[in-house]
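Participant: Have a look at this one before I ask anything.
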Amino acid sequence: MSDYETVIGLEVHVELATKTKIFCGCSTEFGGEPNTHTCPVCTGMPGSLPVLNRQVLEYAIAVGLATNCDITRYCKFDRKNYFYPDNPQNYQISQLYLPICRNGHVDIKTESGVEKAVRIHEIHMEEDAGKLIHDDWLDASLVDYNRSGVPLIEIVSEPDMRSAEEVIAYLEKLRMTISYLGASDCKLQEGSMRADVNLSVRKVGENEFGTRTEMKNLNSFKAIARAIAGETERQIDLIESGEKVVQETRRWDDDKECSYAMRSKEDAQDYRYFPDPDLVPVSVSDEMLDEIRAREPEFREAKIVRYAEEFGLPEKDILLITENKHLADIFEETVSCGAPAKKVSNWLMVETMRLLKENNLDPEDIRFSPAHLASLIDLTEQRTVNSTVAKEVFEDMFKTDCDPVKYVEEHGLATQNDEGALRETIQKVIADNPQSVEDYHNGKEKAIGFLVGQTMKAMQGKCDPGSVNKILKELL
Amino acid sequence: MSYITELDALSLGRAIASGEIRTTEATEEYLKSIEEQDGTYNCYVTVDGDRAMEAAKEIQARIDKGELSDSPLAGVPVAIKDNMCTEGLLTTCSSRILYNFVPTYESTAVRKLRNAGAVILGKTNMDEFAMGSTTETSYFGPTRNPADPEHVPGGSSGGSAAAVAAGECAYALGSDTGGSIRQPASYCGVVGIKPTYGTVSRYGLIAYGSSLDQIGPLTRNVSDAAAVLTAISGHDDKDSTSVDMPAKDYTQALKKDVKDIKIGIPKDYFGEGLDHEVAASVRAAADVLKAAGATVEEFDLSLVNYAIPAYYTIAAAEASSNLERFDGIKYGYRTEDFAGLHNMYKKSRSEGFGAEVKRRIMLGSFVLSSGYYDAYYLKALKVKALIKKAFDDAFAKYDIILGPVAPTTAPKLGESLSDPIKMYLGDIYTISVNLAGLPGISVPCGTSTDGLPIGVQLLADCFNEEKLLRTAFTYEQTK
Amino acid sequence: MANIISDETIEYVGILAKLELSDEEKEAAKSDMGRMLDYIDMLGELDTSDVEPMSHAFPVQNVFREDVVTGTDIRDQILANAPEEKDGMFVVPKTFD
């Protein structure tokens with residue numbers, strides 16, 4: 001086995017985050033009742049005509065620029081003709097002859113430290129198909145065209161990858177880049193990013209490529225890794241037993257951990273591509289390119305370097321915060337409101353991530369404003385509230401973006417900073433807990449914690465544990 | 001024909017505006033005319049009598065309130081070729097595969113006419129999916145030429161042309177991909193215009209050859225044609241190929257003046273195969289224009305013969321793709337017995353489409369297929385570029401190109417379909433116009449000795465409908 | 001006839017176009033297509049080596065729409081002409097994968 005190498009190329013389909021479909025004004029919102037986001041255009045009604053959504057072009061170009069591609073300045077759409085019920089016109093509008101981007105590359109670094117550039121052959125725009133649902137009762141299929149016409153970009157790589165690890169690094173890089181651009185949320189599990197794996201094997205040292213197969217239905221990184229391993233083995237077995245690998249499309253079944261060939265003879269796979277006469281060519285001007293370049297965000301790699309230099313944050317913090325652009329934006333804005341960087345990063349990494357997870361939300365769903373977070377941090381810095389109270393305020397801020405200053409006032413949560421009253425309370429606690437006092441004097445440091453707790457209780461939490469500790473030690 | 005149905009569209013429009021004739025009267029007279037005659041001519045696939053009367057009442061009420069005063073066609077009954085989607089009204093493309101299709105949306109051109117107060121009488125017969133030159137490939141039987149019912153009306157807008165000629169509507173809309181407005185206009189003795197590609201929105205026009213199709217009027221005279229064209233043209237956001245230019249009033253072009261007009265007559269048009277009566281009639285039309293002050297000369301327009309194979313390659317290729325959507329799933333005919341998905345596709349389409357449509361789909365699929373794309377489809381697109389260049393060169397010297405519309409007058413029914421290539425050759429004068437996207441008009445210029453109408457075709461450069469209409473108007477008013 | 005169209009070709013094109021022809025129709029198709037292609041071969045007489053294929057007669061470019069939702073729920077209309085529908089979806093013979 002080890003004298004073979006696996007050669008992998010990927011075709012990645014990314015669903016773009018536009019509000020409307022690529023060729024009509026229907027909503028792309030997920031989850032509507034079947035066929036409620038449809039119109040004559042995306043259902044292939046006679047006489048309907050497509051009109052290109054400008055935002056699709058802009059996202060496609062943005063992705064191309066961010067992956068070092070040449071932008072095809074004069075490009076067209078072509079019809080890919082094949083009959084299938086999820087394809088209402090029985091042709092898909094795509095780009096074959098003049099795709100919008102070509103000859104790019106993405107730099108990856110795998111977990112085991114392999115660094116390489118994966119070349120991108122081309123990126124093109126196309127429309128998604130509808131959904132087919134099987135109906136056992138009727139022994140038939142049902143078609144929902146809500147997804148028909150949703151804009152996709154297809155990113156076709158060169159066969160530059162050699163392992164599942166590289167594939168996953170490549171997909172992660174694409175996901176990070178594209179989600180930073182806001183062009184898509186790239187979620188494999190939700191179908192907004194779909195990867196088809198083209199795989200062949202050859203003996204190490206051979207220059208020619210072996211026959212490749214295409215694998216579909218890979219819905220997680222684990223499935224991708226398993227599929228790559230499985231298909232590599234299958235192909236090697238075939239070759240070793242003197243048989244030939246058949247060029248075909250195979251469907252991966254992750255439950256059974258095996259693949260089986262798709263496509264019946266009825267589909268000749270002759271798509272008869274020709275330029276769609278209902279659409280006109282796109283001529284990308286210098287102005288458009290400049291505008292799109294100007295809108296390019298600072299990407300993660302740059303942030304990682306900058307945050308280390310500018311804020312001196314530890315790498316773990318930086319990686320977590322920059323994992324998602326929205327989170328990074330909130331971090332930066334909160335810091336620019338005056339909050340100390342490490343405090344901000346703590347709030348984001350701990351409390352924010354906790355609440356997001358609990359509520360099954362994404363960083364995009366964060367409601368609180370950076371100004372309010374900065375304000376809350378300031379309150380803790382000023383010791384106006386202690387950390388327990390701050391967490392309580394934050395929970396509300398997370399839900400409602402309340403103004404923390406107002407919230408503390410309205411709920412009377414401010415720490416009592418009257419040292420006299422505090423001393424009195426502490427003295428009473430000491431008097432009431434002679435055993436703990438004795439324990440402390442006998443060397444049990446932990447006993448002081450109990451006394452702090454009792455003080456906090458007596459003060460209804462409105463005191464600063466640090467101060468309590470200090471005074472206790474003084475008095476004991 | 002009553003006196004109402006003898007009025008041309010604009011005259012009827014004026015009479016309605018002045019209150020002399022009520023819209024309901026006009027619609028009633030036309031419905032009567034259809035009832036009396038359509039058994040013979042078979043111009044209509046669907047007559048929408050009840051709703052036409054309702055529309056007429058509504059429009060009369062609006063006119064009485066003082067509305068629609070700037071709409072010269074308000075209240076005038078029109079017939080629409082059955083490949084244009086009409087909301088709530090059966091739209092079949094004269095094909096079995098759409099025998100029950102009732103659109104819930106509408107073609108932009110039809111919507112514009114409705115907004116202008118038109119009364120839609122019904123949908124006219126055509127060659128199936130606009131593929132044909134005689135209206136004999138219709139699933140609903142052929143239309144007969146009112147000039148002589150033993151003869152075809154031409155195609156594919158045969159029903160529309162015949163309806164105008166027979167007085168079964170005041171005017172009609174047709175579509176033209178390779179001559180389908182101009183040739184039946186010529187055969188039936190009416191006026192027909194194919195505007196510059198992109199002038200009239202194709203939204204709602206069931207596509208045949210998308211890069212060639214245009215909607216246009218069939219009318220009794222040039223003035224009506226100009227008025228109808230004005231009403232239906234204009235940029236449409238829903239059609240990417242619709243040209244973004246300010247709205248035009250084509251009736252401004254209706255002047256008797258051709259002194260600045262230089263007319264070129266292609267020598268290549270007058271070769272063998274052109275009927276001598278047609279030739280004579282067309283030349284006489286040129287003489288009328290010359291006498292009216294135009295400069296007329298002959299010239300070489302090359303590539304005439306190559307237009308037909310280029311056209312059929314391109315049109316068949318586009319059609320084979322455009323017609324893929326007819327699959328028995330979303331609308332239209334679905335076969336009753338089938339075994340599995342692909343069998344359902346094949347049977348529905350084979351049973352739903354007629355022979356000529358299937359022939360063109362096969363040819364179109366073939367010329368696009370792997371291995372043949374370059375040799376056929378791309379080659380045809382290159383020839384298209386050459387043809388456009390030839391016209392560009394011609395229009396550098398001439399304002400108008402004049403010639404016959406068809407090599408003969410209307411053939412007899414049943415004589416054309418047995419030899420498809422011979423039938424295709426009949427498109428020789430009209431086809432290159434679609435390839436080059438030019439505007440063209442057919443105007444009646446004579447009658448043959450056996451009583452069949454002859455038309456003369458005028459062509460202008462893209463977006464020069466003004467010169468075209470002015471020249472046509474002058475001819476009509478002078479001859 | 002220079003272009004002889006084989007049975008295989010007609011079969012193949014039939015699969016592409018989803019058309020099923022009777023034996024008679026197949027014979028007619030072979031002959032028609034052959035003659036048509038012979039006729040189209042005439043285009044080979046023209047020198048197009050320096051010519052770009054022209055899709056549209058004049059150069060319209062860059063026609064776009066803005067990314068604003070204009071569609072509404074018109075499911076009833078979309079299904080109005082469906083030969084068979086269930087639960088708001090079009091019913092089709094069973095598909096695989």
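Each chain of the structure tokens is named A, B, ... in the order shown, its residues numbered from 1; ligands are numbered from 1 in display order.
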For chain A, list the residues within 7 Å of chain C, counting only C-alpha atoms, and write the list as a list of chain:residue names.
Facilitator: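 Filtering chain A at 7 Å from chain C with only C-alpha atoms gives A:Thr18, A:Lys19, A:Thr20, A:Gly25, A:Cys26, A:Ser27, A:Pro34, A:Asn35, A:Thr36, A:His37, A:Cys39, A:Val51, A:Leu52, A:Asn53, A:Arg54, A:Gln55, A:Asp139, A:Ala140, A:Ser141, A:Leu142, A:Val143, A:Asp144, A:Glu266, A:Ala268, A:Pro277, A:Val280, A:Pro281, A:Val282, A:Ser283.
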Participant: Tell me which protein, DNA and RNA residues are within 6 Å of Thr24 of chain B, counting only C-alpha atoms, leaving out same-chain ones fewer than 3 positions away, and put them as a PDB file with N, CA and C atoms, in the first residue's frame.
Facilitator:
ATOM      1  N   THR B  27     -66.228  44.753 -30.365  1.00  0.00           N
ATOM      2  CA  THR B  27     -65.876  43.384 -29.986  1.00  0.00           C
ATOM      3  C   THR B  27     -66.923  42.395 -30.466  1.00  0.00           C
ATOM      4  N   GLU B  28     -68.183  42.782 -30.340  1.00  0.00           N
ATOM      5  CA  GLU B  28     -69.263  41.905 -30.792  1.00  0.00           C
ATOM      6  C   GLU B  28     -69.158  41.618 -32.275  1.00  0.00           C
ATOM      7  N   ALA B  56     -64.097  44.564 -22.902  1.00  0.00           N
ATOM      8  CA  ALA B  56     -64.629  45.674 -23.693  1.00  0.00           C
ATOM      9  C   ALA B  56     -65.474  46.594 -22.806  1.00  0.00           C
TER      10      ALA B  56
END
Participant: List every residue of chain C that DSSP, applied to the backbone, labels as strand (DSSP E), and write the result as JSON, numbers by chain.
Facilitator: {"C": [64, 65, 85, 86, 89, 90, 91, 92, 93]}
Participant: Report as a ChimeraX atom specification the set of chain A residues whose atoms approach chain B to within 9 Å, with distances computed over only C-alpha atoms.
Facilitator: /A:24,40,43-52,79,81-85,87-91,266,270-274,276-280
Participant: Write out as a ChimeraX atom specification all residues of chain C that backbone DSSP assigns to helix (DSSP H, G or I).
Facilitator: /C:7-17,23-45,75-79
Participant: Selection from above, C-alpha atoms, as a PDB file, in the first residue's frame, can you write it?
Facilitator:
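Writing the result to again28.pdb gives the following:
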ATOM      1  CA  ASP C   7     -28.734   3.829 -36.175  1.00  0.00           C
ATOM      2  CA  GLU C   8     -26.388   4.361 -33.248  1.00  0.00           C
ATOM      3  CA  THR C   9     -26.350   8.084 -33.856  1.00  0.00           C
ATOM      4  CA  ILE C  10     -30.132   8.255 -33.927  1.00  0.00           C
ATOM      5  CA  GLU C  11     -30.268   6.180 -30.718  1.00  0.00           C
ATOM      6  CA  TYR C  12     -27.741   8.465 -29.092  1.00  0.00           C
ATOM      7  CA  VAL C  13     -29.439  11.676 -30.127  1.00  0.00           C
ATOM      8  CA  GLY C  14     -32.735  10.180 -28.979  1.00  0.00           C
ATOM      9  CA  ILE C  15     -31.268   9.674 -25.516  1.00  0.00           C
ATOM     10  CA  LEU C  16     -29.943  13.247 -25.418  1.00  0.00           C
ATOM     11  CA  ALA C  17     -33.247  14.701 -26.577  1.00  0.00           C
ATOM     12  CA  ASP C  23     -38.776   2.358 -36.689  1.00  0.00           C
ATOM     13  CA  GLU C  24     -40.361   4.338 -39.497  1.00  0.00           C
ATOM     14  CA  GLU C  25     -39.575   7.608 -37.786  1.00  0.00           C
ATOM     15  CA  LYS C  26     -36.010   6.469 -37.229  1.00  0.00           C
ATOM     16  CA  GLU C  27     -35.519   5.805 -40.933  1.00  0.00           C
ATOM     17  CA  ALA C  28     -36.993   9.175 -41.792  1.00  0.00           C
ATOM     18  CA  ALA C  29     -34.818  10.821 -39.129  1.00  0.00           C
ATOM     19  CA  LYS C  30     -31.667   9.237 -40.536  1.00  0.00           C
ATOM     20  CA  SER C  31     -32.481  10.425 -44.000  1.00  0.00           C
ATOM     21  CA  ASP C  32     -33.645  13.912 -42.950  1.00  0.00           C
ATOM     22  CA  MET C  33     -30.681  14.528 -40.723  1.00  0.00           C
ATOM     23  CA  GLY C  34     -28.275  13.277 -43.345  1.00  0.00           C
ATOM     24  CA  ARG C  35     -29.676  15.613 -45.966  1.00  0.00           C
ATOM     25  CA  MET C  36     -29.779  18.510 -43.541  1.00  0.00           C
ATOM     26  CA  LEU C  37     -26.162  17.999 -42.548  1.00  0.00           C
ATOM     27  CA  ASP C  38     -25.155  17.767 -46.198  1.00  0.00           C
ATOM     28  CA  TYR C  39     -26.804  21.107 -46.669  1.00  0.00           C
ATOM     29  CA  ILE C  40     -25.163  22.559 -43.576  1.00  0.00           C
ATOM     30  CA  ASP C  41     -21.786  21.314 -44.834  1.00  0.00           C
ATOM     31  CA  MET C  42     -22.048  24.130 -47.356  1.00  0.00           C
ATOM     32  CA  LEU C  43     -20.864  26.433 -44.568  1.00  0.00           C
ATOM     33  CA  GLY C  44     -17.475  24.786 -44.916  1.00  0.00           C
ATOM     34  CA  GLU C  45     -17.052  26.721 -48.171  1.00  0.00           C
ATOM     35  CA  ARG C  75     -47.198  28.406  -4.977  1.00  0.00           C
ATOM     36  CA  ASP C  76     -50.789  27.980  -6.124  1.00  0.00           C
ATOM     37  CA  GLN C  77     -49.943  29.578  -9.431  1.00  0.00           C
ATOM     38  CA  ILE C  78     -46.759  27.576  -9.853  1.00  0.00           C
ATOM     39  CA  LEU C  79     -48.647  24.316  -9.292  1.00  0.00           C
TER      40      LEU C  79
END
Participant: Show which residues sit within 10 Å of Pro411 of chain B, as a compact mmCIF listing (two decimals) with C-alpha atoms, in the first residue's frame. Count only C-alpha atoms, and ignore same-chain residues fewer than 6 positions away.
Facilitator:
# COMPACT_ATOMS: atom_id res chain seq x y z
CA THR B 134 -47.07 27.25 -43.66
CA ASN B 145 -55.38 31.69 -46.66
CA GLU B 150 -56.88 26.12 -50.95
CA HIS B 151 -53.60 27.79 -50.15
CA VAL B 152 -51.58 28.16 -46.98
CA PRO B 153 -51.44 31.49 -45.17
CA GLY B 154 -47.71 31.11 -44.62
CA TYR B 187 -48.83 35.58 -48.48
CA LEU B 452 -52.56 35.50 -54.46
Participant: Tell me, in Å to one decimal, how far atom CA of Asp300 of chain B is from atom CA of Ala406 of chain B.
Facilitator: 18.7 Å
